[in-house]
>>> print(open('run.pdb').read())   # PDB, C-alpha atoms
ATOM      1  CA  MET A   1     -47.174 -87.071 -62.364
ATOM      2  CA  THR A   2     -48.542 -88.250 -59.019
ATOM      3  CA  PRO A   3     -52.343 -87.902 -59.005
ATOM      4  CA  MET A   4     -53.764 -85.580 -56.338
ATOM      5  CA  VAL A   5     -57.300 -85.305 -55.057
ATOM      6  CA  ASP A   6     -59.204 -83.436 -52.364
ATOM      7  CA  LEU A   7     -61.640 -85.295 -50.091
ATOM      8  CA  VAL A   8     -64.784 -83.362 -49.166
ATOM      9  CA  ALA A   9     -68.015 -84.124 -47.301
ATOM     10  CA  ASP A  10     -71.221 -82.329 -46.361
ATOM     11  CA  LEU A  11     -71.085 -81.323 -42.693
ATOM     12  CA  GLY A  12     -73.186 -79.455 -40.163
ATOM     13  CA  GLU A  13     -76.421 -80.827 -41.567
ATOM     14  CA  GLY A  14     -78.291 -81.011 -38.294
ATOM     15  CA  PHE A  15     -80.793 -78.500 -36.944
ATOM     16  CA  GLY A  16     -81.468 -77.582 -33.322
ATOM     17  CA  ALA A  17     -81.418 -80.788 -31.276
ATOM     18  CA  TYR A  18     -81.277 -82.996 -34.381
ATOM     19  CA  THR A  19     -78.087 -84.315 -35.942
ATOM     20  CA  MET A  20     -77.294 -86.099 -39.194
ATOM     21  CA  GLY A  21     -74.161 -88.134 -39.808
ATOM     22  CA  ASP A  22     -70.997 -88.498 -37.725
ATOM     23  CA  ASP A  23     -69.158 -85.274 -38.519
ATOM     24  CA  GLU A  24     -66.340 -85.877 -36.037
ATOM     25  CA  ALA A  25     -65.422 -89.273 -37.498
ATOM     26  CA  LEU A  26     -65.687 -87.981 -41.051
ATOM     27  CA  LEU A  27     -63.540 -84.912 -40.385
ATOM     28  CA  GLU A  28     -60.522 -87.104 -39.688
ATOM     29  CA  MET A  29     -60.555 -88.223 -43.340
ATOM     30  CA  LEU A  30     -61.189 -84.879 -45.062
ATOM     31  CA  THR A  31     -59.224 -82.013 -46.534
ATOM     32  CA  SER A  32     -62.346 -79.870 -47.241
ATOM     33  CA  ALA A  33     -65.891 -79.543 -45.900
ATOM     34  CA  ASN A  34     -69.184 -78.325 -47.388
ATOM     35  CA  VAL A  35     -70.887 -76.630 -44.438
ATOM     36  CA  ALA A  36     -74.679 -76.232 -44.424
ATOM     37  CA  CYS A  37     -75.633 -72.557 -44.207
ATOM     38  CA  GLY A  38     -79.070 -72.702 -42.584
ATOM     39  CA  PHE A  39     -81.422 -73.058 -45.568
ATOM     40  CA  HIS A  40     -81.579 -76.863 -45.937
ATOM     41  CA  ALA A  41     -79.911 -77.655 -42.601
ATOM     42  CA  GLY A  42     -77.673 -76.045 -40.032
ATOM     43  CA  ASP A  43     -78.267 -73.218 -37.593
ATOM     44  CA  PRO A  44     -75.983 -70.596 -36.007
ATOM     45  CA  ARG A  45     -74.817 -72.908 -33.206
ATOM     46  CA  ILE A  46     -74.119 -75.801 -35.568
ATOM     47  CA  MET A  47     -72.380 -73.565 -38.096
ATOM     48  CA  ASP A  48     -70.195 -72.083 -35.355
ATOM     49  CA  ALA A  49     -69.238 -75.485 -33.930
ATOM     50  CA  THR A  50     -68.621 -77.003 -37.363
ATOM     51  CA  VAL A  51     -66.308 -74.212 -38.496
ATOM     52  CA  ARG A  52     -64.451 -74.318 -35.183
ATOM     53  CA  THR A  53     -63.857 -78.064 -35.532
ATOM     54  CA  CYS A  54     -62.764 -77.685 -39.160
ATOM     55  CA  VAL A  55     -60.150 -75.161 -38.075
ATOM     56  CA  GLU A  56     -58.940 -77.478 -35.294
ATOM     57  CA  GLN A  57     -58.645 -80.381 -37.787
ATOM     58  CA  GLN A  58     -57.069 -78.164 -40.498
ATOM     59  CA  VAL A  59     -59.946 -78.871 -42.879
ATOM     60  CA  ALA A  60     -60.819 -76.129 -45.393
ATOM     61  CA  VAL A  61     -64.278 -74.587 -45.001
ATOM     62  CA  GLY A  62     -66.693 -74.337 -47.922
ATOM     63  CA  ALA A  63     -70.250 -72.984 -48.178
ATOM     64  CA  HIS A  64     -73.073 -75.384 -49.057
ATOM     65  CA  PRO A  65     -75.962 -73.088 -50.073
ATOM     66  CA  SER A  66     -79.386 -74.484 -50.850
ATOM     67  CA  TYR A  67     -82.962 -73.722 -51.683
ATOM     68  CA  PRO A  68     -84.790 -72.322 -48.603
ATOM     69  CA  ASP A  69     -86.234 -75.758 -47.815
ATOM     70  CA  LEU A  70     -85.619 -77.033 -44.285
ATOM     71  CA  VAL A  71     -88.569 -79.421 -44.426
ATOM     72  CA  GLY A  72     -87.440 -81.051 -47.657
ATOM     73  CA  PHE A  73     -83.701 -80.873 -46.890
ATOM     74  CA  GLY A  74     -83.195 -78.783 -50.021
ATOM     75  CA  ARG A  75     -84.118 -81.652 -52.311
ATOM     76  CA  ARG A  76     -87.534 -80.467 -53.515
ATOM     77  CA  ALA A  77     -88.238 -78.493 -56.663
ATOM     78  CA  MET A  78     -88.939 -74.800 -56.009
ATOM     79  CA  ASP A  79     -89.899 -72.197 -58.590
ATOM     80  CA  LEU A  80     -87.322 -69.564 -57.641
ATOM     81  CA  THR A  81     -86.308 -66.730 -59.942
ATOM     82  CA  PRO A  82     -82.621 -66.340 -60.812
ATOM     83  CA  GLU A  83     -82.578 -63.167 -58.692
ATOM     84  CA  GLU A  84     -83.866 -65.148 -55.701
ATOM     85  CA  VAL A  85     -81.171 -67.753 -56.295
ATOM     86  CA  ARG A  86     -78.494 -65.052 -56.461
ATOM     87  CA  THR A  87     -79.532 -63.306 -53.266
ATOM     88  CA  ASP A  88     -80.184 -66.553 -51.362
ATOM     89  CA  VAL A  89     -76.704 -67.850 -52.259
ATOM     90  CA  LEU A  90     -75.089 -64.517 -51.365
ATOM     91  CA  TYR A  91     -76.916 -64.500 -47.999
ATOM     92  CA  GLN A  92     -75.778 -68.007 -47.120
ATOM     93  CA  ILE A  93     -72.126 -67.536 -48.073
ATOM     94  CA  GLY A  94     -72.077 -64.324 -46.059
ATOM     95  CA  ALA A  95     -73.433 -66.102 -42.991
ATOM     96  CA  LEU A  96     -70.750 -68.777 -43.156
ATOM     97  CA  GLN A  97     -68.091 -66.181 -43.903
ATOM     98  CA  ALA A  98     -68.888 -64.485 -40.590
ATOM     99  CA  PHE A  99     -68.205 -67.688 -38.655
ATOM    100  CA  ALA A 100     -65.069 -68.376 -40.687
ATOM    101  CA  ILE A 101     -63.639 -64.942 -39.870
ATOM    102  CA  ALA A 102     -64.574 -65.342 -36.206
ATOM    103  CA  HIS A 103     -62.503 -68.537 -36.087
ATOM    104  CA  GLY A 104     -59.515 -67.140 -37.954
ATOM    105  CA  THR A 105     -60.099 -68.779 -41.319
ATOM    106  CA  ARG A 106     -61.840 -68.048 -44.616
ATOM    107  CA  VAL A 107     -64.369 -69.697 -46.886
ATOM    108  CA  GLN A 108     -62.447 -71.647 -49.546
ATOM    109  CA  HIS A 109     -65.215 -72.717 -51.905
ATOM    110  CA  VAL A 110     -68.928 -72.735 -52.710
ATOM    111  CA  ALA A 111     -70.773 -75.969 -53.486
ATOM    112  CA  PRO A 112     -74.544 -75.709 -54.177
ATOM    113  CA  HIS A 113     -76.585 -78.394 -52.415
ATOM    114  CA  GLY A 114     -79.371 -80.765 -53.403
ATOM    115  CA  ARG A 115     -81.933 -79.710 -55.981
ATOM    116  CA  LEU A 116     -80.178 -76.388 -56.520
ATOM    117  CA  GLY A 117     -76.919 -78.237 -57.093
ATOM    118  CA  ASN A 118     -78.572 -80.423 -59.722
ATOM    119  CA  LEU A 119     -80.237 -77.533 -61.533
ATOM    120  CA  VAL A 120     -77.190 -75.260 -61.760
ATOM    121  CA  ALA A 121     -75.540 -77.978 -63.846
ATOM    122  CA  VAL A 122     -78.243 -77.715 -66.526
ATOM    123  CA  ARG A 123     -79.874 -74.270 -66.130
ATOM    124  CA  ALA A 124     -77.761 -71.431 -67.487
ATOM    125  CA  ASP A 125     -79.819 -68.761 -65.679
ATOM    126  CA  TYR A 126     -79.346 -70.393 -62.291
ATOM    127  CA  ALA A 127     -75.648 -70.965 -63.024
ATOM    128  CA  ARG A 128     -75.174 -67.277 -63.823
ATOM    129  CA  ALA A 129     -77.027 -66.335 -60.647
ATOM    130  CA  VAL A 130     -74.665 -68.399 -58.477
ATOM    131  CA  VAL A 131     -71.608 -67.045 -60.300
ATOM    132  CA  ASP A 132     -72.872 -63.466 -59.922
ATOM    133  CA  ALA A 133     -73.278 -63.987 -56.175
ATOM    134  CA  VAL A 134     -69.804 -65.478 -55.758
ATOM    135  CA  ALA A 135     -68.002 -62.996 -58.010
ATOM    136  CA  SER A 136     -69.601 -60.004 -56.300
ATOM    137  CA  LEU A 137     -68.459 -61.228 -52.885
ATOM    138  CA  ASP A 138     -65.007 -62.754 -53.373
ATOM    139  CA  GLU A 139     -63.464 -63.726 -56.712
ATOM    140  CA  SER A 140     -60.926 -65.955 -54.958
ATOM    141  CA  LEU A 141     -63.685 -68.390 -53.973
ATOM    142  CA  ILE A 142     -63.564 -71.733 -55.787
ATOM    143  CA  ILE A 143     -66.761 -73.028 -57.389
ATOM    144  CA  LEU A 144     -67.239 -76.717 -56.602
ATOM    145  CA  ALA A 145     -69.525 -78.358 -59.151
ATOM    146  CA  GLN A 146     -70.148 -81.135 -61.619
ATOM    147  CA  ASP A 147     -69.243 -80.496 -65.235
ATOM    148  CA  GLY A 148     -72.045 -78.424 -66.768
ATOM    149  CA  GLU A 149     -73.512 -74.935 -66.850
ATOM    150  CA  LEU A 150     -72.197 -73.773 -63.471
ATOM    151  CA  ALA A 151     -68.642 -74.882 -64.186
ATOM    152  CA  ASP A 152     -68.783 -73.250 -67.628
ATOM    153  CA  ALA A 153     -70.209 -69.974 -66.312
ATOM    154  CA  ALA A 154     -67.639 -69.807 -63.516
ATOM    155  CA  ARG A 155     -64.711 -70.349 -65.887
ATOM    156  CA  ALA A 156     -66.124 -67.723 -68.257
ATOM    157  CA  ARG A 157     -66.024 -65.214 -65.362
ATOM    158  CA  GLY A 158     -62.461 -66.154 -64.460
ATOM    159  CA  LEU A 159     -63.356 -68.056 -61.293
ATOM    160  CA  ARG A 160     -61.518 -71.218 -60.302
ATOM    161  CA  VAL A 161     -63.537 -74.430 -60.640
ATOM    162  CA  GLY A 162     -63.130 -77.744 -58.839
ATOM    163  CA  ILE A 163     -64.977 -80.691 -60.373
ATOM    164  CA  VAL A 164     -66.540 -83.014 -57.835
ATOM    165  CA  GLY A 165     -66.830 -86.758 -58.335
ATOM    166  CA  ILE A 166     -69.609 -88.595 -56.496
ATOM    167  CA  ALA A 167     -68.809 -92.289 -56.536
ATOM    168  CA  ASP A 168     -71.957 -93.559 -54.809
ATOM    169  CA  ARG A 169     -74.340 -91.800 -57.190
ATOM    170  CA  ALA A 170     -75.302 -93.111 -60.630
ATOM    171  CA  TYR A 171     -74.355 -90.996 -63.644
ATOM    172  CA  ARG A 172     -76.117 -90.566 -66.952
ATOM    173  CA  ASP A 173     -74.279 -90.619 -70.275
ATOM    174  CA  ASP A 174     -74.197 -86.797 -70.325
ATOM    175  CA  GLY A 175     -72.342 -86.665 -67.009
ATOM    176  CA  THR A 176     -75.304 -85.536 -64.892
ATOM    177  CA  LEU A 177     -76.497 -87.462 -61.856
ATOM    178  CA  VAL A 178     -79.488 -89.791 -61.955
ATOM    179  CA  PRO A 179     -82.132 -88.076 -59.746
ATOM    180  CA  ARG A 180     -82.617 -89.611 -56.307
ATOM    181  CA  SER A 181     -86.272 -90.202 -57.179
ATOM    182  CA  GLU A 182     -85.306 -92.755 -59.842
ATOM    183  CA  PRO A 183     -84.344 -96.399 -59.205
ATOM    184  CA  GLY A 184     -80.623 -97.059 -59.033
ATOM    185  CA  ALA A 185     -79.686 -93.458 -58.251
ATOM    186  CA  LEU A 186     -77.713 -94.529 -55.186
ATOM    187  CA  ILE A 187     -75.040 -97.224 -55.307
ATOM    188  CA  HIS A 188     -74.890 -99.254 -52.096
ATOM    189  CA  ASP A 189     -72.265-101.877 -52.969
ATOM    190  CA  ALA A 190     -69.101-100.840 -51.111
ATOM    191  CA  ASP A 191     -66.775-102.665 -53.499
ATOM    192  CA  GLU A 192     -68.360-100.947 -56.490
ATOM    193  CA  VAL A 193     -68.172 -97.509 -54.880
ATOM    194  CA  ALA A 194     -64.490 -98.015 -54.055
ATOM    195  CA  ARG A 195     -63.733 -99.165 -57.623
ATOM    196  CA  ARG A 196     -65.608 -96.209 -59.108
ATOM    197  CA  THR A 197     -63.715 -93.763 -56.904
ATOM    198  CA  LEU A 198     -60.314 -95.115 -57.896
ATOM    199  CA  ARG A 199     -61.205 -94.972 -61.607
ATOM    200  CA  MET A 200     -62.454 -91.390 -61.301
ATOM    201  CA  VAL A 201     -59.248 -90.247 -59.667
ATOM    202  CA  THR A 202     -56.672 -92.260 -61.592
ATOM    203  CA  GLU A 203     -58.353 -92.689 -65.009
ATOM    204  CA  GLY A 204     -60.730 -89.707 -65.144
ATOM    205  CA  VAL A 205     -63.793 -91.781 -66.043
ATOM    206  CA  ILE A 206     -66.899 -93.213 -64.397
ATOM    207  CA  ARG A 207     -69.271 -95.891 -65.699
ATOM    208  CA  SER A 208     -72.771 -94.560 -66.517
ATOM    209  CA  VAL A 209     -76.046 -96.400 -65.906
ATOM    210  CA  ASP A 210     -76.017 -97.401 -69.580
ATOM    211  CA  GLY A 211     -72.529 -98.867 -69.341
ATOM    212  CA  LYS A 212     -70.637 -96.005 -70.983
ATOM    213  CA  ASP A 213     -67.353 -94.655 -69.604
ATOM    214  CA  VAL A 214     -68.069 -90.959 -68.993
ATOM    215  CA  PRO A 215     -65.154 -88.508 -68.616
ATOM    216  CA  VAL A 216     -64.966 -86.968 -65.120
ATOM    217  CA  ALA A 217     -62.187 -84.479 -64.349
ATOM    218  CA  CYS A 218     -62.268 -85.289 -60.654
ATOM    219  CA  ASP A 219     -60.566 -82.678 -58.450
ATOM    220  CA  THR A 220     -62.376 -83.712 -55.274
ATOM    221  CA  VAL A 221     -64.256 -86.817 -54.138
ATOM    222  CA  LEU A 222     -67.467 -86.345 -52.173
ATOM    223  CA  LEU A 223     -67.644 -88.693 -49.195
ATOM    224  CA  HIS A 224     -70.852 -89.318 -47.276
ATOM    225  CA  GLY A 225     -71.364 -89.975 -43.575
ATOM    226  CA  ASP A 226     -75.140 -90.090 -43.183
ATOM    227  CA  SER A 227     -75.950 -93.742 -43.940
ATOM    228  CA  PRO A 228     -75.128 -97.087 -42.281
ATOM    229  CA  GLY A 229     -71.547 -98.106 -42.980
ATOM    230  CA  ALA A 230     -70.711 -94.743 -44.570
ATOM    231  CA  ILE A 231     -67.823 -93.927 -42.223
ATOM    232  CA  ALA A 232     -66.178 -97.306 -42.818
ATOM    233  CA  LEU A 233     -66.632 -96.850 -46.575
ATOM    234  CA  ALA A 234     -65.124 -93.357 -46.477
ATOM    235  CA  GLY A 235     -62.104 -94.734 -44.632
ATOM    236  CA  ARG A 236     -61.771 -97.536 -47.137
ATOM    237  CA  ILE A 237     -61.862 -95.097 -50.057
ATOM    238  CA  ARG A 238     -59.144 -92.956 -48.469
ATOM    239  CA  GLU A 239     -56.942 -95.985 -47.760
ATOM    240  CA  GLN A 240     -57.410 -97.330 -51.294
ATOM    241  CA  LEU A 241     -56.460 -94.008 -52.858
ATOM    242  CA  LEU A 242     -53.329 -93.777 -50.728
ATOM    243  CA  ALA A 243     -52.402 -97.375 -51.546
ATOM    244  CA  ALA A 244     -52.675 -96.537 -55.253
ATOM    245  CA  GLY A 245     -50.182 -93.704 -54.836
ATOM    246  CA  VAL A 246     -52.732 -90.878 -54.884
ATOM    247  CA  GLN A 247     -51.787 -87.790 -52.854
ATOM    248  CA  ILE A 248     -54.648 -86.430 -50.772
ATOM    249  CA  ALA A 249     -54.388 -82.651 -50.583
ATOM    250  CA  SER A 250     -56.456 -79.507 -50.176
ATOM    251  CA  LEU A 251     -58.602 -78.391 -53.097
ATOM    252  CA  ASP A 252     -56.489 -75.267 -53.524
ATOM    253  CA  LYS A 253     -53.316 -77.393 -53.821
ATOM    254  CA  VAL A 254     -54.991 -79.850 -56.218
ATOM    255  CA  LEU A 255     -56.080 -77.041 -58.543
ATOM    256  CA  SER A 256     -52.744 -75.243 -58.306
ATOM    257  CA  GLY A 257     -51.015 -78.495 -59.270
ATOM    258  CA  LYS A 258     -53.151 -78.544 -62.419
ATOM    259  CA  GLY A 259     -52.392 -74.915 -63.206
ATOM    260  CA  VAL A 260     -55.902 -73.740 -62.279
TER     261      VAL A 260
END
>>> encode(input="run.pdb", output="structure tokens")
Amino acid sequence: MTPMVDLVADLGEGFGAYTMGDDEALLEMLTSANVACGFHAGDPRIMDATVRTCVEQQVAVGAHPSYPDLVGFGRRAMDLTPEEVRTDVLYQIGALQAFAIAHGTRVQHVAPHGRLGNLVAVRADYARAVVDAVASLDESLIILAQDGELADAARARGLRVGIVGIADRAYRDDGTLVPRSEPGALIHDADEVARRTLRMVTEGVIRSVDGKDVPVACDTVLLHGDSPGAIALAGRIREQLLAAGVQIASLDKVLSGKGV
């Protein structure tokens, strides 16, 4: 069977007069987008423009909810209760949903950002809070996550789950990401990132920091556009996947092809 994968990136992560990354260049390579919803980045004007451009480029729109942490870009630890997580996530998806409807589309998926995204993989209470928010709003929404508590909780509630592979981040043996605060968390070698991506998609494994091949059921590959050379690397990854016979398709099509 021909392997299929979705290509997704985090978009709309500016604020006011400030921008981050080259969204327009990245959009040409994507089939899905994680759109910042105002808590770690993004504002109403940026959200509106980002959704509009996604529709023009036929890129599926997904919500990228975060801790309420503009100053720390959603990457700092915050002592939120599960109820705060639930209502914050519900608030952010609803905001993006308004712009999606205004531009004649819908929100396809939900992908927690930053520190929240890391914690929902290992904290069952936070995972349930995110699932409760999504299920109460729209059970057709896809949960985009790493393998872990959030993916498990979503499946248990009957929600569709897309597993995201992040080729330029180091993995531990248990399949979780090495925190950005630790040495070696980010992989900068373009050749290595491209090799890791191809293995994730075609073999379903990624090499951990301790040299172990860790299973990764990769439904979508997260591309980045906010560092030097990132756009060229994203293009290289796309070209390499196509050259290997991988079909690049929307997340919905990828999951449907797997019977999910």
>>> residues_around(input="run.pdb", residues="range 70-79 of chain A", least_positions_apart="3", cutoff="8 Å", atoms="all atoms listed in the file", output="mmCIF file with C-alpha atoms, in the frame of the given file")
data_model
loop_
_atom_site.group_PDB
_atom_site.id
_atom_site.type_symbol
_atom_site.label_atom_id
_atom_site.label_comp_id
_atom_site.auth_asym_id
_atom_site.auth_seq_id
_atom_site.Cartn_x
_atom_site.Cartn_y
_atom_site.Cartn_z
ATOM 1 C CA PHE A 39 -81.422 -73.058 -45.568
ATOM 2 C CA HIS A 40 -81.579 -76.863 -45.937
ATOM 3 C CA ALA A 41 -79.911 -77.655 -42.601
ATOM 4 C CA SER A 66 -79.386 -74.484 -50.850
ATOM 5 C CA TYR A 67 -82.962 -73.722 -51.683
ATOM 6 C CA HIS A 113 -76.585 -78.394 -52.415
ATOM 7 C CA GLY A 114 -79.371 -80.765 -53.403
ATOM 8 C CA ARG A 115 -81.933 -79.710 -55.981
ATOM 9 C CA LEU A 116 -80.178 -76.388 -56.520
#
>>> closest_residue(input="run.pdb", among="A:Ala151, A:Val5, A:Ala230, A:Ile163", to="His188 in chain A", atoms="all atoms listed in the file")
A:Ala230
>>> resolve_selection(input="run.pdb", expression="the PyMOL selection byres ((chain A and resi 124-141) around 7)", output="count of residues only")
20
>>> resolve_selection(input="run.pdb", expression="the PyMOL selection byres ((chain A and resi 194) around 9)", output="VMD selection string")
chain A and resid 167 to 168 189 to 193 195 to 199 233 to 234 236 to 237 240
>>> closest_residue(input="run.pdb", among="A:Ala249, A:Val221, A:Val205, A:Met4", to="Gln58 in chain A", atoms="only C-alpha atoms")
A:Ala249
>>> atom_distance(input="run.pdb", atom1="CA of Val164 in chain A", atom2="CA of Ala111 in chain A")
9.3 Å
>>> resolve_selection(input="run.pdb", expression="the PyMOL selection byres ((chain A and resi 22) around 8)", output="MDAnalysis selection string")
chainID A and resid 20:21 23:26 225:226 231
>>> closest_residue(input="run.pdb", among="A:Ala156, A:Pro228, A:Thr202, A:Leu251", to="Met1 in chain A", atoms="all atoms listed in the file")
A:Thr202
>>> residues_around(input="run.pdb", residues="Gly104 in chain A", least_positions_apart="5", cutoff="10 Å", atoms="only C-alpha atoms", output="PyMOL selection string")
chain A and resi 51-52+55+99
>>> write_last_selection(input="run.pdb", atoms="C-alpha atoms", output="PDB file, in the frame of the given file")
ATOM      1  CA  VAL A  51     -66.308 -74.212 -38.496  1.00  0.00           C
ATOM      2  CA  ARG A  52     -64.451 -74.318 -35.183  1.00  0.00           C
ATOM      3  CA  VAL A  55     -60.150 -75.161 -38.075  1.00  0.00           C
ATOM      4  CA  PHE A  99     -68.205 -67.688 -38.655  1.00  0.00           C
TER       5      PHE A  99
END
>>> closest_residue(input="run.pdb", among="A:Gly204, A:Gly158, A:Gly148, A:Gly62", to="Gln97 in chain A", atoms="only C-alpha atoms")
A:Gly62
>>> axis_aligned_box(input="run.pdb", around="range 129-145 of chain A", padding_each_side="5 Å", output="AutoDock Vina command-line options")
--center_x -69.0 --center_y -69.2 --center_z -56.8 --size_x 26.1 --size_y 28.4 --size_z 17.8
>>> closest_residue(input="run.pdb", among="A:Leu241, A:Val216, A:Leu223, A:Val161", to="Leu27 in chain A", atoms="only C-alpha atoms")
A:Leu223
>>> closest_residue(input="run.pdb", among="A:Ala49, A:Leu7, A:Leu255, A:Leu119", to="Leu80 in chain A", atoms="only C-alpha atoms")
A:Leu119
>>> atom_distance(input="run.pdb", atom1="CA of Ala63 in chain A", atom2="CA of Asn34 in chain A")
5.5 Å
>>> atom_distance(input="run.pdb", atom1="CA of Ser208 in chain A", atom2="CA of Ser250 in chain A")
27.6 Å
>>> residues_near_point(input="run.pdb", point="(-69.1, -81.7, -47.7)", cutoff="6 Å", atoms="all atoms listed in the file", output="PDB file with C-alpha atoms, keeping the file's coordinate frame")
ATOM      1  CA  VAL A   8     -64.784 -83.362 -49.166  1.00  0.00           C
ATOM      2  CA  ALA A   9     -68.015 -84.124 -47.301  1.00  0.00           C
ATOM      3  CA  ASP A  10     -71.221 -82.329 -46.361  1.00  0.00           C
ATOM      4  CA  LEU A  11     -71.085 -81.323 -42.693  1.00  0.00           C
ATOM      5  CA  ALA A  33     -65.891 -79.543 -45.900  1.00  0.00           C
ATOM      6  CA  ASN A  34     -69.184 -78.325 -47.388  1.00  0.00           C
TER       7      ASN A  34
END
>>> residues_near_point(input="run.pdb", point="(-60.4, -72.5, -46.9)", cutoff="8 Å", atoms="only C-alpha atoms", output="VMD selection string")
chain A and resid 32 59 to 62 105 to 109
